[in-house]
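Data block for protein_3.cif (mmCIF, C-alpha atoms):
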data_query
#
loop_
_atom_site.group_PDB
_atom_site.id
_atom_site.type_symbol
_atom_site.label_atom_id
_atom_site.label_comp_id
_atom_site.auth_asym_id
_atom_site.auth_seq_id
_atom_site.Cartn_x
_atom_site.Cartn_y
_atom_site.Cartn_z
ATOM 1 C CA MET A 276 0.000 0.000 0.000
ATOM 2 C CA ARG A 277 2.790 2.367 0.939
ATOM 3 C CA LYS A 278 4.513 1.604 -2.336
ATOM 4 C CA ARG A 279 1.400 2.497 -4.305
ATOM 5 C CA VAL A 280 1.101 5.809 -2.457
ATOM 6 C CA ASN A 281 4.731 6.630 -3.218
ATOM 7 C CA ASN A 282 4.200 5.859 -6.888
ATOM 8 C CA VAL A 283 1.158 8.130 -6.979
ATOM 9 C CA GLU A 284 3.125 10.943 -5.290
ATOM 10 C CA ILE A 285 5.970 10.571 -7.794
ATOM 11 C CA ALA A 286 3.544 10.610 -10.722
ATOM 12 C CA TYR A 287 1.786 13.670 -9.273
ATOM 13 C CA LYS A 288 5.080 15.541 -8.881
ATOM 14 C CA GLU A 289 6.065 14.678 -12.453
ATOM 15 C CA LYS A 290 2.703 15.873 -13.784
ATOM 16 C CA SER A 291 2.898 19.031 -11.671
ATOM 17 C CA ALA A 292 6.403 19.770 -13.002
ATOM 18 C CA GLY A 293 5.211 19.170 -16.574
ATOM 19 C CA SER A 294 2.224 21.443 -16.017
ATOM 20 C CA ALA A 295 4.508 24.179 -14.647
ATOM 21 C CA ARG A 296 6.757 23.892 -17.711
ATOM 22 C CA CYS A 297 3.721 24.152 -19.990
ATOM 23 C CA LYS A 298 2.580 27.287 -18.169
ATOM 24 C CA GLU A 299 6.026 28.862 -18.554
ATOM 25 C CA GLU A 300 6.134 27.967 -22.249
ATOM 26 C CA ALA A 301 2.633 29.416 -22.681
ATOM 27 C CA LYS A 302 3.791 32.680 -21.088
ATOM 28 C CA VAL A 303 6.768 32.818 -23.450
ATOM 29 C CA GLN A 304 4.513 32.135 -26.451
ATOM 30 C CA GLN A 305 2.017 34.796 -25.352
ATOM 31 C CA ALA A 306 4.815 37.346 -24.968
ATOM 32 C CA ASP A 307 6.113 36.387 -28.426
ATOM 33 C CA ILE A 308 2.636 36.779 -29.953
ATOM 34 C CA LYS A 309 2.223 40.215 -28.349
ATOM 35 C CA GLU A 310 5.601 41.300 -29.716
ATOM 36 C CA ARG A 311 4.755 40.022 -33.196
ATOM 37 C CA LEU A 312 1.406 41.827 -33.125
ATOM 38 C CA ARG A 313 3.151 45.010 -32.025
ATOM 39 C CA LEU A 314 5.600 44.735 -34.918
ATOM 40 C CA LEU A 315 2.739 43.930 -37.316
ATOM 41 C CA ARG A 316 0.896 47.092 -36.255
ATOM 42 C CA ARG A 317 4.076 49.102 -36.786
ATOM 43 C CA ILE A 318 4.456 47.589 -40.265
ATOM 44 C CA HIS A 319 0.802 48.382 -41.026
ATOM 45 C CA LYS A 320 1.297 52.007 -39.980
ATOM 46 C CA ALA A 321 4.545 52.338 -41.943
ATOM 47 C CA ILE A 322 2.981 50.890 -45.110
ATOM 48 C CA CYS A 323 -0.122 53.081 -44.732
ATOM 49 C CA ARG A 324 2.016 56.183 -44.224
ATOM 50 C CA LYS A 325 4.277 55.444 -47.192
ATOM 51 C CA THR A 326 1.348 54.523 -49.452
ATOM 52 C CA ASN A 327 -0.522 57.701 -48.548
ATOM 53 C CA LEU A 328 2.547 59.826 -49.268
ATOM 54 C CA GLU A 329 2.962 58.242 -52.705
ATOM 55 C CA PHE A 330 -0.791 58.532 -53.360
ATOM 56 C CA ASN A 331 -0.718 62.251 -52.631
ATOM 57 C CA LYS A 332 2.442 62.695 -54.660
ATOM 58 C CA VAL A 333 0.745 61.385 -57.795
ATOM 59 C CA LEU A 334 -2.495 63.318 -57.185
ATOM 60 C CA ASN A 335 -0.549 66.543 -56.638
ATOM 61 C CA THR A 336 0.663 66.416 -60.238
ATOM 62 C CA LYS A 337 -2.935 67.222 -61.185
ATOM 63 C CA GLY A 338 -3.446 69.765 -58.388
ATOM 64 C CA ALA A 339 -5.517 67.316 -56.358
ATOM 65 C CA SER A 340 -4.896 65.493 -53.089
ATOM 66 C CA GLY A 341 -6.405 62.655 -51.116
ATOM 67 C CA ASP A 342 -6.068 59.928 -48.544
ATOM 68 C CA LEU A 343 -6.222 56.162 -48.528
ATOM 69 C CA VAL A 344 -8.238 54.832 -45.577
ATOM 70 C CA PHE A 345 -7.019 51.386 -44.485
ATOM 71 C CA ASP A 346 -9.411 49.260 -42.452
ATOM 72 C CA HIS A 347 -7.267 46.254 -41.549
ATOM 73 C CA PHE A 348 -9.894 44.729 -39.257
ATOM 74 C CA ASN A 349 -12.592 44.582 -41.964
ATOM 75 C CA GLU A 350 -10.019 44.225 -44.766
ATOM 76 C CA ARG A 351 -11.338 47.231 -46.680
ATOM 77 C CA LEU A 352 -9.668 50.157 -48.413
ATOM 78 C CA GLY A 353 -11.322 53.530 -48.965
ATOM 79 C CA ILE A 354 -10.322 56.543 -51.054
ATOM 80 C CA ILE A 355 -10.822 60.186 -50.146
ATOM 81 C CA TYR A 356 -10.362 62.477 -53.143
ATOM 82 C CA GLN A 357 -9.963 66.250 -53.056
ATOM 83 C CA ARG A 358 -10.139 68.022 -56.410
ATOM 84 C CA ASP A 359 -8.292 71.105 -55.125
ATOM 85 C CA ALA A 360 -5.400 70.333 -52.800
ATOM 86 C CA PHE A 361 -5.833 73.730 -51.102
ATOM 87 C CA ASP A 362 -9.600 73.601 -50.629
ATOM 88 C CA ASP A 363 -10.797 71.136 -47.994
ATOM 89 C CA SER A 364 -14.445 71.884 -48.790
ATOM 90 C CA ASN A 365 -14.424 69.711 -51.910
ATOM 91 C CA ARG A 366 -13.295 66.467 -50.281
ATOM 92 C CA ILE A 367 -15.160 63.452 -51.688
ATOM 93 C CA THR A 368 -15.350 60.398 -49.465
ATOM 94 C CA SER A 369 -17.107 58.089 -51.921
ATOM 95 C CA ILE A 370 -15.354 57.189 -55.150
ATOM 96 C CA ALA A 371 -18.805 56.625 -56.691
ATOM 97 C CA ASN A 372 -19.309 60.421 -56.672
ATOM 98 C CA LEU A 373 -16.278 61.016 -58.897
ATOM 99 C CA SER A 374 -16.423 61.421 -62.649
ATOM 100 C CA GLY A 375 -15.158 58.557 -64.781
ATOM 101 C CA GLY A 376 -11.835 60.259 -65.449
ATOM 102 C CA GLU A 377 -11.331 61.226 -61.802
ATOM 103 C CA ARG A 378 -12.183 57.710 -60.692
ATOM 104 C CA SER A 379 -9.694 56.213 -63.145
ATOM 105 C CA PHE A 380 -6.943 58.637 -62.146
ATOM 106 C CA ALA A 381 -7.577 58.112 -58.418
ATOM 107 C CA THR A 382 -7.539 54.334 -58.875
ATOM 108 C CA LEU A 383 -4.342 54.505 -60.916
ATOM 109 C CA SER A 384 -2.759 56.734 -58.275
ATOM 110 C CA MET A 385 -3.729 54.185 -55.634
ATOM 111 C CA LEU A 386 -2.203 51.312 -57.625
ATOM 112 C CA ILE A 387 1.005 53.272 -58.166
ATOM 113 C CA ALA A 388 1.194 54.051 -54.451
ATOM 114 C CA ILE A 389 0.543 50.465 -53.359
ATOM 115 C CA GLY A 390 3.055 49.228 -55.922
ATOM 116 C CA HIS A 391 5.803 51.088 -54.060
ATOM 117 C CA CYS A 392 5.226 48.782 -51.083
ATOM 118 C CA ILE A 393 5.013 45.501 -53.000
ATOM 119 C CA GLU A 394 8.125 43.532 -53.912
ATOM 120 C CA SER A 395 7.263 41.956 -57.244
ATOM 121 C CA PRO A 396 9.471 41.531 -60.340
ATOM 122 C CA PHE A 397 6.503 42.295 -62.617
ATOM 123 C CA ARG A 398 3.775 44.914 -62.708
ATOM 124 C CA ILE A 399 1.044 44.759 -65.366
ATOM 125 C CA MET A 400 -1.744 47.307 -65.873
ATOM 126 C CA ASP A 401 -4.527 46.821 -68.422
ATOM 127 C CA GLU A 402 -6.419 49.874 -69.784
ATOM 128 C CA PHE A 403 -5.244 51.979 -66.856
ATOM 129 C CA ASP A 404 -6.186 55.209 -68.644
ATOM 130 C CA ILE A 405 -9.803 54.368 -69.446
ATOM 131 C CA PHE A 406 -12.242 57.337 -69.129
ATOM 132 C CA MET A 407 -9.352 59.766 -68.519
ATOM 133 C CA ASP A 408 -9.196 63.081 -70.334
ATOM 134 C CA GLN A 409 -6.145 63.866 -72.438
ATOM 135 C CA PHE A 410 -4.468 65.865 -69.652
ATOM 136 C CA SER A 411 -4.911 63.126 -67.044
ATOM 137 C CA ARG A 412 -3.812 60.462 -69.514
ATOM 138 C CA LYS A 413 -0.608 62.373 -70.283
ATOM 139 C CA ILE A 414 0.180 62.752 -66.572
ATOM 140 C CA ALA A 415 -0.586 59.089 -65.926
ATOM 141 C CA MET A 416 1.748 57.888 -68.673
ATOM 142 C CA GLU A 417 4.523 60.225 -67.549
ATOM 143 C CA GLN A 418 4.147 59.013 -63.963
ATOM 144 C CA LEU A 419 4.194 55.357 -64.949
ATOM 145 C CA ILE A 420 7.234 55.724 -67.171
ATOM 146 C CA GLU A 421 9.051 57.796 -64.557
ATOM 147 C CA ILE A 422 8.363 55.182 -61.871
ATOM 148 C CA ALA A 423 9.392 52.356 -64.202
ATOM 149 C CA ASN A 424 12.695 54.074 -64.978
ATOM 150 C CA THR A 425 13.502 54.273 -61.266
ATOM 151 C CA MET A 426 13.016 50.498 -60.860
ATOM 152 C CA LEU A 427 15.281 48.991 -63.478
ATOM 153 C CA ASP A 428 15.279 45.642 -61.673
ATOM 154 C CA LYS A 429 11.559 45.188 -62.432
ATOM 155 C CA GLN A 430 9.554 44.816 -65.638
ATOM 156 C CA PHE A 431 6.472 46.917 -66.272
ATOM 157 C CA ILE A 432 3.822 46.127 -68.881
ATOM 158 C CA PHE A 433 1.100 48.682 -69.640
ATOM 159 C CA ILE A 434 -1.770 47.873 -72.003
ATOM 160 C CA THR A 435 -3.880 50.614 -73.568
ATOM 161 C CA PRO A 436 -6.088 51.087 -76.644
ATOM 162 C CA GLN A 437 -4.935 54.730 -76.856
ATOM 163 C CA ASP A 438 -2.478 56.134 -79.388
ATOM 164 C CA LEU A 439 1.132 56.210 -78.144
ATOM 165 C CA GLY A 440 2.559 58.319 -80.915
ATOM 166 C CA SER A 441 3.835 60.895 -78.428
ATOM 167 C CA LEU A 442 6.119 58.357 -76.732
ATOM 168 C CA SER A 443 9.646 57.785 -77.957
ATOM 169 C CA ARG A 444 11.362 54.435 -77.751
ATOM 170 C CA THR A 445 14.459 54.242 -75.591
ATOM 171 C CA SER A 446 16.779 51.499 -74.375
ATOM 172 C CA ASN A 447 14.295 50.871 -71.544
ATOM 173 C CA LEU A 448 11.025 51.612 -73.320
ATOM 174 C CA LYS A 449 9.646 49.227 -75.887
ATOM 175 C CA ILE A 450 6.333 49.726 -77.731
ATOM 176 C CA ILE A 451 4.482 46.798 -79.313
ATOM 177 C CA ARG A 452 1.443 47.505 -81.491
ATOM 178 C CA LEU A 453 -0.904 44.644 -82.352
ATOM 179 C CA GLN A 454 -2.512 44.388 -85.758
ATOM 180 C CA ARG A 455 -6.258 44.944 -85.865
ATOM 181 C CA PRO A 456 -8.122 41.622 -85.934
ATOM 182 C CA HIS A 457 -10.516 40.944 -88.807
ATOM 183 C CA SER A 458 -13.360 38.594 -87.979
ATOM 184 C CA SER A 459 -17.035 38.522 -88.997
ATOM 185 C CA GLY A 460 -16.627 41.922 -90.593
ATOM 186 C CA GLN A 461 -16.400 43.655 -87.202
ATOM 187 C CA GLN A 462 -13.996 46.487 -86.547
ATOM 188 C CA ARG A 463 -12.209 46.570 -83.212
ATOM 189 C CA ILE A 464 -10.058 49.133 -81.476
ATOM 190 C CA GLN A 465 -6.389 48.564 -82.165
ATOM 191 C CA PRO A 466 -4.609 48.257 -78.806
ATOM 192 C CA SER A 467 -1.092 49.448 -78.093
ATOM 193 C CA PHE A 468 1.238 47.839 -75.595
ATOM 194 C CA PHE A 469 4.246 49.568 -74.138
ATOM 195 C CA SER A 470 6.589 48.120 -71.584
ATOM 196 C CA ARG A 471 9.666 49.290 -69.753
ATOM 197 C CA ARG A 472 12.338 46.626 -69.699
ATOM 198 C CA SER A 473 15.525 46.598 -67.668
ATOM 199 C CA LEU A 474 17.152 44.066 -70.013
ATOM 200 C CA PRO A 475 17.846 44.636 -73.730
ATOM 201 C CA ALA A 476 15.373 42.886 -76.001
ATOM 202 C CA ALA A 477 15.314 41.939 -79.655
ATOM 203 C CA ASP A 478 13.698 44.446 -82.007
ATOM 204 C CA THR A 479 10.164 43.383 -82.926
ATOM 205 C CA ASP A 480 9.618 45.941 -85.674
#
Once more with this new file: its structure as structure tokens, please.
Amino acid sequence: MRKRVNNVEIAYKEKSAGSARCKEEAKVQQADIKERLRLLRRIHKAICRKTNLEFNKVLNTKGASGDLVFDHFNERLGIIYQRDAFDDSNRITSIANLSGGERSFATLSMLIAIGHCIESPFRIMDEFDIFMDQFSRKIAMEQLIEIANTMLDKQFIFITPQDLGSLSRTSNLKIIRLQRPHSSGQQRIQPSFFSRRSLPAADTD
């Protein structure tokens, strides 16, 4: 009987020691999780701040300004657009209230801004200048080409149905124009593709 009691006491002490170790490990894990969450929040804030700065930088080229509203909890992103950077009375909080050109330019500005925080070897934009007026389209193309030329380690591909006659080919800028398809007698818009490449490519002319 005494032997059985001793065995139970030994087993209890072993279980108690194991439980204590588990509690200590749990405390360490909880502290690690808190630290990781703290760093994650700092990263969120840094990305939001940098993205907003780039967003405003692009909008300022057109005399406008704005803010990107990040809702990490609900995983939503909002855009605040201000037509006049010096007049706070014309701030628009719903992108649905913007004209087609303004909406396209604001969306493009957002994509450019977010792209600064994404490490990807490729960036492709299809019909990025849709509904833009000629002035906004010119600014958008200049911005995209300028950004592409500052990231020579990445390849950018921009697809547009607009005429690119004003652009000049360089060692980093290559323009590819597709022939108009002919099917069932229908006429389609002839798209133009232009990409900025960091590596020399064979001439396709």
- Counting only C-alpha atoms, figure out which residue out of A:Thr326, A:Val344, A:Gln430, A:Glu417 gets nearest to Gly390 in chain A. A:Thr326
- Item | Nearest to Ile367 in chain A by atom-to-atom distance, counting all atoms listed in the file, from A:Ile414, A:Leu343, A:Cys297, A:Ala388 | A:Leu343
- Residue neighbourhood Glu394 in chain A, 12 Å, all atoms listed in the file, exclusion window fewer than 2 positions, as a list in words: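 Here the qualifying residues turn out to be Ile389, Gly390, His391, Cys392, Pro396, Phe397, Arg398, Met426, Asp428, Lys429 and Gln430 of chain A.
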Go through range 282-389 of chain A residue by residue and, counting only C-alpha atoms, keep those with an atom at most 9 Å from range 400-410 of chain A; for each kept residue give the shortest atom pair and its distance in Å to one decimal, ordered by chain and increasing number, as a Markdown table.
| residue | atom | partner | partner_atom | distance |
| --- | --- | --- | --- | --- |
| A:Lys337 | CA | A:Phe410 | CA | 8.7 |
| A:Ser374 | CA | A:Phe406 | CA | 8.7 |
| A:Gly375 | CA | A:Phe406 | CA | 5.4 |
| A:Gly376 | CA | A:Met407 | CA | 4.0 |
| A:Glu377 | CA | A:Met407 | CA | 7.2 |
| A:Arg378 | CA | A:Phe406 | CA | 8.4 |
| A:Ser379 | CA | A:Met407 | CA | 6.5 |
| A:Phe380 | CA | A:Met407 | CA | 6.9 |
| A:Thr382 | CA | A:Phe403 | CA | 8.6 |
| A:Leu383 | CA | A:Phe403 | CA | 6.5 |
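Considering all atoms listed in the file, the residue among A:Leu439, A:Ala415, A:Leu334, A:Ala371 positioned nearest to Arg358 in chain A is A:Leu334.
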- Message: Given all atoms listed in the file as the basis, pick out the residue of A:Gln357, A:Ser291, A:Asn372, A:Ser384 nearest to Leu328 in chain A.
- Response: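 Comparing A:Gln357, A:Ser291, A:Asn372, A:Ser384 against Leu328 in chain A, the winner is A:Ser384.
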Kindly list the centre and edge lengths in Å, rounded to one decimal, for the axis-aligned box that covers all listed atoms of range 314-321 of chain A plus 6 Å on each of its six sides, as JSON.
{"center_x": 3.2, "center_y": 48.1, "center_z": -38.4, "size_x": 16.8, "size_y": 20.4, "size_z": 19.0}
- Query: Interatomic distance between CA of Asn335 in chain A and CA of Asp359 in chain A?
  - Reply: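 Here the two named atoms are 9.1 Å from each other.
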- Task: Rank nothing, just name the residue among A:Val333, A:Tyr356, A:Asp363, A:Glu299 nearest to Glu421 in chain A, using all atoms listed in the file.
- Result: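 So, comparing all the options, the nearest one is A:Val333.
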- With distances taken over only C-alpha atoms, which of A:Leu453, A:Leu448, A:Ile420, A:Ile318 is nearest to Pro436 in chain A?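 With only C-alpha atoms as the atom set, the closest residue is A:Leu453.
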- Can you tell me how far CA of Ser446 in chain A sits from CA of Phe433 in chain A, in Å to one decimal?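 Result for CA of Ser446 in chain A versus CA of Phe433 in chain A: 16.6 Å, one decimal.
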Regenerate range 301-312 of chain A at the level of N, CA and C atoms and dump it as a PDB file, keeping the file's coordinate frame.
ATOM      1  N   ALA A 301       3.797  28.652 -22.223  1.00  0.00           N
ATOM      2  CA  ALA A 301       2.633  29.416 -22.681  1.00  0.00           C
ATOM      3  C   ALA A 301       2.869  30.907 -22.492  1.00  0.00           C
ATOM      4  N   LYS A 302       3.489  31.274 -21.339  1.00  0.00           N
ATOM      5  CA  LYS A 302       3.791  32.680 -21.088  1.00  0.00           C
ATOM      6  C   LYS A 302       4.771  33.229 -22.117  1.00  0.00           C
ATOM      7  N   VAL A 303       5.786  32.399 -22.442  1.00  0.00           N
ATOM      8  CA  VAL A 303       6.768  32.818 -23.450  1.00  0.00           C
ATOM      9  C   VAL A 303       6.093  32.999 -24.803  1.00  0.00           C
ATOM     10  N   GLN A 304       5.216  32.051 -25.181  1.00  0.00           N
ATOM     11  CA  GLN A 304       4.513  32.135 -26.451  1.00  0.00           C
ATOM     12  C   GLN A 304       3.596  33.354 -26.510  1.00  0.00           C
ATOM     13  N   GLN A 305       2.901  33.626 -25.401  1.00  0.00           N
ATOM     14  CA  GLN A 305       2.017  34.796 -25.352  1.00  0.00           C
ATOM     15  C   GLN A 305       2.806  36.088 -25.498  1.00  0.00           C
ATOM     16  N   ALA A 306       3.965  36.152 -24.849  1.00  0.00           N
ATOM     17  CA  ALA A 306       4.815  37.346 -24.968  1.00  0.00           C
ATOM     18  C   ALA A 306       5.313  37.495 -26.409  1.00  0.00           C
ATOM     19  N   ASP A 307       5.645  36.358 -27.040  1.00  0.00           N
ATOM     20  CA  ASP A 307       6.113  36.387 -28.426  1.00  0.00           C
ATOM     21  C   ASP A 307       5.002  36.848 -29.362  1.00  0.00           C
ATOM     22  N   ILE A 308       3.779  36.366 -29.129  1.00  0.00           N
ATOM     23  CA  ILE A 308       2.636  36.779 -29.953  1.00  0.00           C
ATOM     24  C   ILE A 308       2.379  38.273 -29.810  1.00  0.00           C
ATOM     25  N   LYS A 309       2.433  38.786 -28.578  1.00  0.00           N
ATOM     26  CA  LYS A 309       2.223  40.215 -28.349  1.00  0.00           C
ATOM     27  C   LYS A 309       3.276  41.048 -29.075  1.00  0.00           C
ATOM     28  N   GLU A 310       4.534  40.575 -29.038  1.00  0.00           N
ATOM     29  CA  GLU A 310       5.601  41.300 -29.716  1.00  0.00           C
ATOM     30  C   GLU A 310       5.410  41.275 -31.228  1.00  0.00           C
ATOM     31  N   ARG A 311       5.001  40.125 -31.752  1.00  0.00           N
ATOM     32  CA  ARG A 311       4.755  40.022 -33.196  1.00  0.00           C
ATOM     33  C   ARG A 311       3.592  40.917 -33.628  1.00  0.00           C
ATOM     34  N   LEU A 312       2.538  40.962 -32.808  1.00  0.00           N
ATOM     35  CA  LEU A 312       1.406  41.827 -33.125  1.00  0.00           C
ATOM     36  C   LEU A 312       1.813  43.296 -33.073  1.00  0.00           C
TER      37      LEU A 312
END
